[in-house]
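Undergrad: Please find work03.csv (CSV, C-alpha atoms) on the next line:
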chain,number,residue,atom,x,y,z
A,1,MET,CA,0.0,0.0,0.0
A,2,LYS,CA,1.5,3.3,-1.1
A,3,LYS,CA,1.9,6.3,1.3
A,4,ILE,CA,-0.4,9.1,0.2
A,5,THR,CA,-1.4,12.7,1.2
A,6,ILE,CA,-4.9,13.1,2.6
A,7,ALA,CA,-6.5,16.6,2.4
A,8,ILE,CA,-9.7,17.2,4.4
A,9,ASP,CA,-11.4,20.6,3.8
A,10,GLY,CA,-14.8,22.0,4.9
A,11,PHE,CA,-16.7,24.4,7.0
A,12,SER,CA,-16.0,25.2,10.6
A,13,SER,CA,-17.3,22.8,13.3
A,14,CYS,CA,-18.2,20.0,10.9
A,15,GLY,CA,-16.1,17.4,12.5
A,16,LYS,CA,-13.1,17.5,10.2
A,17,SER,CA,-10.5,17.3,12.9
A,18,THR,CA,-12.1,14.4,14.7
A,19,MET,CA,-12.3,12.4,11.5
A,20,ALA,CA,-8.7,13.3,10.5
A,21,LYS,CA,-7.3,12.5,13.9
A,22,ASP,CA,-9.0,9.2,14.1
A,23,LEU,CA,-7.9,8.1,10.6
A,24,ALA,CA,-4.3,9.2,11.1
A,25,ARG,CA,-4.1,7.3,14.3
A,26,GLU,CA,-5.6,4.2,12.8
A,27,ILE,CA,-3.3,4.1,9.7
A,28,GLY,CA,-0.2,5.4,11.3
A,29,TYR,CA,0.0,8.8,9.5
A,30,ILE,CA,1.0,12.2,10.8
A,31,TYR,CA,-2.0,14.5,11.6
A,32,ILE,CA,-1.8,18.2,11.2
A,33,ASP,CA,-4.7,20.5,12.2
A,34,SER,CA,-4.1,23.6,10.0
A,35,GLY,CA,-7.0,25.4,11.7
A,36,ALA,CA,-5.1,25.2,15.0
A,37,MET,CA,-2.2,27.0,13.4
A,38,TYR,CA,-4.4,29.9,12.4
A,39,ARG,CA,-6.0,29.9,15.9
A,40,ALA,CA,-2.5,30.0,17.4
A,41,ILE,CA,-1.6,33.1,15.4
A,42,THR,CA,-5.0,34.7,16.4
A,43,LEU,CA,-4.2,33.9,20.1
A,44,TYR,CA,-0.8,35.6,19.6
A,45,CYS,CA,-2.6,38.7,18.2
A,46,ILE,CA,-5.0,38.8,21.2
A,47,GLU,CA,-2.3,38.4,23.8
A,48,ASN,CA,0.0,41.0,22.1
A,49,SER,CA,-2.7,43.6,21.6
A,50,LEU,CA,-2.7,43.4,17.8
A,51,PHE,CA,-6.5,43.9,17.5
A,52,ASN,CA,-7.8,47.5,17.3
A,53,ALA,CA,-10.8,48.5,19.4
A,54,ASP,CA,-13.1,48.1,16.3
A,55,GLY,CA,-11.9,44.4,16.0
A,56,ASN,CA,-9.7,45.0,13.0
A,57,ILE,CA,-6.1,43.6,13.0
A,58,LYS,CA,-3.0,45.8,13.2
A,59,THR,CA,-1.8,44.4,9.9
A,60,ASP,CA,1.5,46.2,9.7
A,61,GLU,CA,2.5,45.2,13.2
A,62,LEU,CA,1.6,41.6,12.7
A,63,ARG,CA,3.5,41.5,9.4
A,64,LYS,CA,6.6,42.7,11.2
A,65,GLN,CA,6.3,40.0,13.9
A,66,ILE,CA,5.1,37.0,11.8
A,67,ASP,CA,8.5,35.5,11.3
A,68,ASN,CA,9.0,35.4,15.1
A,69,ILE,CA,5.7,33.5,15.7
A,70,HIS,CA,6.4,29.8,15.8
A,71,VAL,CA,3.6,27.2,15.8
A,72,SER,CA,4.4,23.5,16.3
A,73,PHE,CA,2.7,20.3,17.4
A,74,CYS,CA,3.7,17.7,20.1
A,75,LEU,CA,2.0,14.4,21.0
A,76,ASN,CA,0.5,14.3,24.4
A,77,PRO,CA,1.9,11.0,25.8
A,78,ASN,CA,-1.3,10.4,27.9
A,79,THR,CA,-3.8,10.9,25.0
A,80,SER,CA,-1.6,10.1,22.0
A,81,LYS,CA,-3.1,13.2,20.4
A,82,PRO,CA,-1.2,16.2,19.0
A,83,GLU,CA,-1.4,19.4,20.9
A,84,THR,CA,-0.7,22.9,19.6
A,85,TYR,CA,2.3,25.0,20.9
A,86,LEU,CA,2.8,28.7,20.3
A,87,ASN,CA,6.4,29.8,20.8
A,88,GLY,CA,7.1,26.7,22.9
A,89,VAL,CA,4.0,27.0,25.1
A,90,ASN,CA,1.1,24.6,25.0
A,91,VAL,CA,-2.0,26.6,24.0
A,92,GLU,CA,-4.3,23.7,23.0
A,93,SER,CA,-7.0,24.8,25.4
A,94,LYS,CA,-6.6,28.6,24.9
A,95,ILE,CA,-7.1,28.4,21.1
A,96,ARG,CA,-10.4,26.6,21.4
A,97,THR,CA,-12.3,29.5,23.2
A,98,MET,CA,-15.0,31.6,21.6
A,99,GLU,CA,-12.8,34.6,21.8
A,100,VAL,CA,-10.4,33.0,19.4
A,101,SER,CA,-13.2,31.6,17.3
A,102,SER,CA,-14.7,35.0,16.8
A,103,LYS,CA,-11.5,36.5,15.5
A,104,VAL,CA,-9.7,33.6,13.6
A,105,SER,CA,-11.3,34.2,10.2
A,106,ILE,CA,-10.1,37.8,10.2
A,107,VAL,CA,-6.5,36.7,10.8
A,108,ALA,CA,-6.8,33.7,8.3
A,109,ALA,CA,-7.9,36.1,5.6
A,110,LEU,CA,-4.5,37.9,5.6
A,111,GLY,CA,-2.4,36.9,2.6
A,112,PHE,CA,1.0,37.1,4.3
A,113,VAL,CA,-0.3,34.9,7.2
A,114,ARG,CA,-1.6,32.3,4.8
A,115,GLU,CA,1.6,32.4,2.8
A,116,ALA,CA,3.7,31.8,5.9
A,117,LEU,CA,1.6,28.9,7.2
A,118,VAL,CA,1.2,27.3,3.8
A,119,ARG,CA,5.0,27.1,3.4
A,120,LEU,CA,5.2,25.4,6.9
A,121,GLN,CA,2.3,23.0,6.1
A,122,GLN,CA,3.9,22.0,2.8
A,123,GLU,CA,7.2,21.4,4.5
A,124,MET,CA,5.4,19.2,7.1
A,125,GLY,CA,3.8,17.1,4.3
A,126,LYS,CA,6.7,16.8,1.8
A,127,ASN,CA,7.2,13.1,2.6
A,128,LYS,CA,3.5,12.2,2.4
A,129,GLY,CA,2.0,9.9,5.0
A,130,ILE,CA,0.0,12.9,6.3
A,131,VAL,CA,-3.6,13.8,7.0
A,132,MET,CA,-4.2,17.5,7.1
A,133,ASP,CA,-7.5,19.3,7.6
A,134,GLY,CA,-8.5,22.9,7.0
A,135,ARG,CA,-10.0,25.2,4.4
A,136,ASP,CA,-7.6,25.2,1.5
A,137,ILE,CA,-5.6,22.0,1.9
A,138,GLY,CA,-6.9,20.3,-1.3
A,139,THR,CA,-6.9,23.5,-3.3
A,140,VAL,CA,-3.7,25.3,-2.2
A,141,VAL,CA,-1.6,23.4,0.2
A,142,PHE,CA,-1.7,20.0,-1.4
A,143,PRO,CA,-3.4,20.3,-4.8
A,144,ASP,CA,-1.9,17.0,-5.8
A,145,ALA,CA,-3.1,15.1,-2.8
A,146,GLU,CA,-4.3,11.5,-3.7
A,147,LEU,CA,-7.3,11.8,-1.5
A,148,LYS,CA,-9.4,15.0,-1.1
A,149,ILE,CA,-12.5,15.2,1.1
A,150,PHE,CA,-14.8,18.2,1.4
A,151,VAL,CA,-17.0,18.0,4.6
A,152,THR,CA,-20.2,19.9,5.1
A,153,ALA,CA,-23.2,20.0,7.4
A,154,SER,CA,-26.0,22.5,8.1
A,155,ALA,CA,-25.0,25.6,10.1
A,156,GLU,CA,-27.5,24.7,12.9
A,157,ILE,CA,-26.1,21.2,13.4
A,158,ARG,CA,-22.5,22.6,13.4
A,159,ALA,CA,-23.5,25.2,16.0
A,160,GLN,CA,-25.1,22.6,18.2
A,161,ARG,CA,-22.0,20.4,18.0
A,162,ARG,CA,-19.8,23.3,18.9
A,163,TYR,CA,-22.1,24.3,21.8
A,164,ASP,CA,-22.0,20.7,23.1
A,165,GLU,CA,-18.3,20.6,22.9
A,166,LEU,CA,-17.7,23.9,24.7
A,167,THR,CA,-20.3,23.2,27.5
A,168,ALA,CA,-18.7,19.8,28.0
A,169,LYS,CA,-15.5,21.7,28.8
A,170,GLY,CA,-17.3,23.8,31.3
A,171,GLN,CA,-17.5,27.0,29.2
A,172,SER,CA,-20.5,29.2,29.5
A,173,VAL,CA,-21.7,29.9,26.0
A,174,SER,CA,-24.8,30.8,24.1
A,175,TYR,CA,-26.1,28.6,21.2
A,176,GLU,CA,-27.4,31.7,19.4
A,177,ASP,CA,-23.9,33.4,19.7
A,178,ILE,CA,-22.2,30.2,18.3
A,179,LEU,CA,-24.7,30.0,15.4
A,180,ARG,CA,-24.0,33.6,14.5
A,181,ASN,CA,-20.2,32.9,14.7
A,182,VAL,CA,-20.5,29.8,12.5
A,183,GLU,CA,-22.5,31.7,9.9
A,184,GLU,CA,-20.1,34.7,9.9
A,185,ARG,CA,-17.1,32.4,9.6
A,186,ASP,CA,-18.7,30.7,6.7
A,187,ARG,CA,-19.2,34.1,5.0
A,188,ILE,CA,-15.7,35.3,5.6
A,189,ASP,CA,-14.1,31.9,4.7
A,190,GLN,CA,-15.9,31.7,1.4
A,191,THR,CA,-15.5,35.3,0.3
A,192,ARG,CA,-12.0,36.2,1.3
A,193,GLU,CA,-9.6,37.2,-1.5
A,194,VAL,CA,-6.8,34.8,-0.6
A,195,SER,CA,-7.5,31.0,-0.7
A,196,PRO,CA,-11.3,31.1,-0.2
A,197,LEU,CA,-13.0,28.0,1.1
A,198,LYS,CA,-14.2,26.0,-1.8
A,199,LYS,CA,-14.4,22.4,-2.9
A,200,ALA,CA,-11.6,21.1,-5.1
A,201,ASP,CA,-12.8,19.8,-8.4
A,202,ASP,CA,-11.5,16.3,-7.6
A,203,ALA,CA,-12.7,16.3,-4.0
A,204,ILE,CA,-15.3,13.9,-2.6
A,205,THR,CA,-18.1,15.6,-0.8
A,206,LEU,CA,-19.3,14.3,2.6
A,207,ASP,CA,-22.4,15.7,4.2
A,208,ASN,CA,-22.2,14.4,7.7
A,209,SER,CA,-25.3,16.3,9.1
A,210,ASN,CA,-27.0,13.0,10.0
A,211,MET,CA,-24.0,10.7,10.5
A,212,SER,CA,-22.5,9.3,13.7
A,213,ILE,CA,-18.8,9.6,14.3
A,214,GLU,CA,-18.5,5.8,13.8
A,215,GLU,CA,-20.2,6.1,10.4
A,216,GLN,CA,-17.9,8.9,9.4
A,217,ARG,CA,-14.9,6.9,10.5
A,218,THR,CA,-15.9,3.9,8.5
A,219,TRP,CA,-16.7,6.0,5.4
A,220,LEU,CA,-13.3,7.8,5.5
A,221,LYS,CA,-11.4,4.6,6.1
A,222,ASN,CA,-13.0,3.0,3.0
A,223,GLU,CA,-12.1,6.1,0.9
A,224,PHE,CA,-8.5,5.9,2.1
A,225,LEU,CA,-8.2,2.2,1.2
A,226,LYS,CA,-9.5,2.9,-2.3
A,227,ALA,CA,-7.1,5.8,-2.8
A,228,ALA,CA,-4.0,4.1,-1.3
A,229,ASN,CA,-4.5,0.9,-3.2
A,230,VAL,CA,-4.7,2.5,-6.7
Go ahead and render the structure in this file as structure tokens.
TA:
Amino acid sequence: MKKITIAIDGFSSCGKSTMAKDLAREIGYIYIDSGAMYRAITLYCIENSLFNADGNIKTDELRKQIDNIHVSFCLNPNTSKPETYLNGVNVESKIRTMEVSSKVSIVAALGFVREALVRLQQEMGKNKGIVMDGRDIGTVVFPDAELKIFVTASAEIRAQRRYDELTAKGQSVSYEDILRNVEERDRIDQTREVSPLKKADDAITLDNSNMSIEEQRTWLKNEFLKAANV
């Protein structure tokens, strides 16, 4: 069985990361959460006062600092799952908050940020044997990936999943606020000038609105086996 590149794109909160992590662990591939990389940059901006009072980013200041922002992943030995590090500090929990979620699309729309992270992502995947999820993996980062999946689900279902995830972690959140955030992120992701979210021509669409995690896992494993055995 040949080693391939697997690109999983789709809308926010549609379960891409769960699918990608599970598959990578099962087949022994490296998993990279590209969205976590953009979240880490967003957290850096929040912690270093790079957002103006009106919510816009201080673009010139971020551009000057971008080369000194280092995002990496390390496996948690207890969970065997990769966790995100920002300049050497574990920020896995911090990047999953609503504050970061409400600002990440603004940062991800900046061309110089995307260019910096795409270069890093391509370096991570140069030897194949990788599963990466995000918004532009199959269209920009790995346009030659042997397996491309585009995941979608209704905004209401995605908001409910996000609400359940955050409340399970003890965060006090509003479903209505999350739904608005999901819809706004969809709008920004699909209309930004640089690498907008769109389905690659050769990607397979998966609408998982009414699928269990186990059903998604089985579906994706079957698609992997077909792609890797060609």
Undergrad: Would you list the contacts of Gly28 of chain A as a PyMOL selection string, taking every protein, DNA or RNA residue within 12 Å and counting all atoms listed in the file, but skipping same-chain residues closer than 3 positions in sequence?
TA: chain A and resi 3-4+20-25+31+80+128-131
Undergrad: Quick one: distance from atom CA of Thr18 of chain A to atom CA of Ile46 of chain A in Å, one decimal?
TA: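 Here the two named atoms are 26.2 Å from each other.
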Undergrad: Counting all atoms listed in the file, which residue out of A:Arg135, A:Lys221, A:Arg63, A:Arg161 sits closest to Lys198 of chain A?
TA: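 Result for the nearest residue to Lys198 of chain A: A:Arg135.
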Undergrad: Which one of A:Met132, A:Val91, A:Ala40, A:Ile157 sits closest to Val107 of chain A if you count only C-alpha atoms?
TA: A:Ala40
Undergrad: Skip Lys94 of chain A itself and residues of its chain fewer than 3 positions away, then list as a PyMOL selection string all residues within 12 Å of it, counting only C-alpha atoms.
TA: chain A and resi 36+39-44+46-47+83-86+89-91+97-101+169+171
Undergrad: Counting all atoms listed in the file, what is within 10 Å of Ala7 of chain A, bar same-chain residues fewer than 3 positions away, as a PyMOL selection string?
TA: chain A and resi 4+20+130-139+141-150+203
Undergrad: Give me the residues of segment 45-126 of chain A that have any atom at most 8 Å from an atom of segment 187-196 of chain A; for each, the nearest atom pair and the distance in Å, rounded to one decimal. Use all atoms listed in the file, sort by chain and number, and format it as JSON lines.
TA:
{"residue": "A:Ser105", "atom": "CA", "partner": "A:Ile188", "partner_atom": "CA", "distance": 6.5}
{"residue": "A:Ile106", "atom": "CA", "partner": "A:Ile188", "partner_atom": "CA", "distance": 7.7}
{"residue": "A:Ala109", "atom": "CA", "partner": "A:Arg192", "partner_atom": "CA", "distance": 5.9}
{"residue": "A:Leu110", "atom": "CA", "partner": "A:Val194", "partner_atom": "CA", "distance": 7.3}
{"residue": "A:Gly111", "atom": "CA", "partner": "A:Val194", "partner_atom": "CA", "distance": 5.8}
{"residue": "A:Arg114", "atom": "CA", "partner": "A:Val194", "partner_atom": "CA", "distance": 7.9}
Undergrad: Could you tell me which of A:Arg119, A:Arg96, A:Lys199, A:His70 comes closest to Arg162 of chain A if we count all atoms listed in the file?
TA: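 Result for the nearest residue to Arg162 of chain A: A:Arg96.
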Undergrad: Between atom CA of Gly10 of chain A and atom CA of Thr152 of chain A, what is the distance, to one decimal in Å?
TA: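 Separating atom CA of Gly10 of chain A from atom CA of Thr152 of chain A is a distance of 5.8 Å.
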Undergrad: What is the distance between atom CA of Cys14 of chain A and atom CA of Val151 of chain A, in Å to one decimal?
TA: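 Interatomic distance here is 6.7 Å.
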Undergrad: At a cut-off of 9 Å, using only C-alpha atoms, what residues contact Ile66 of chain A? Leave out same-chain residues fewer than 2 positions from it and give the result as a ChimeraX atom specification.
TA: /A:41,61-64,68-70,112-113,116
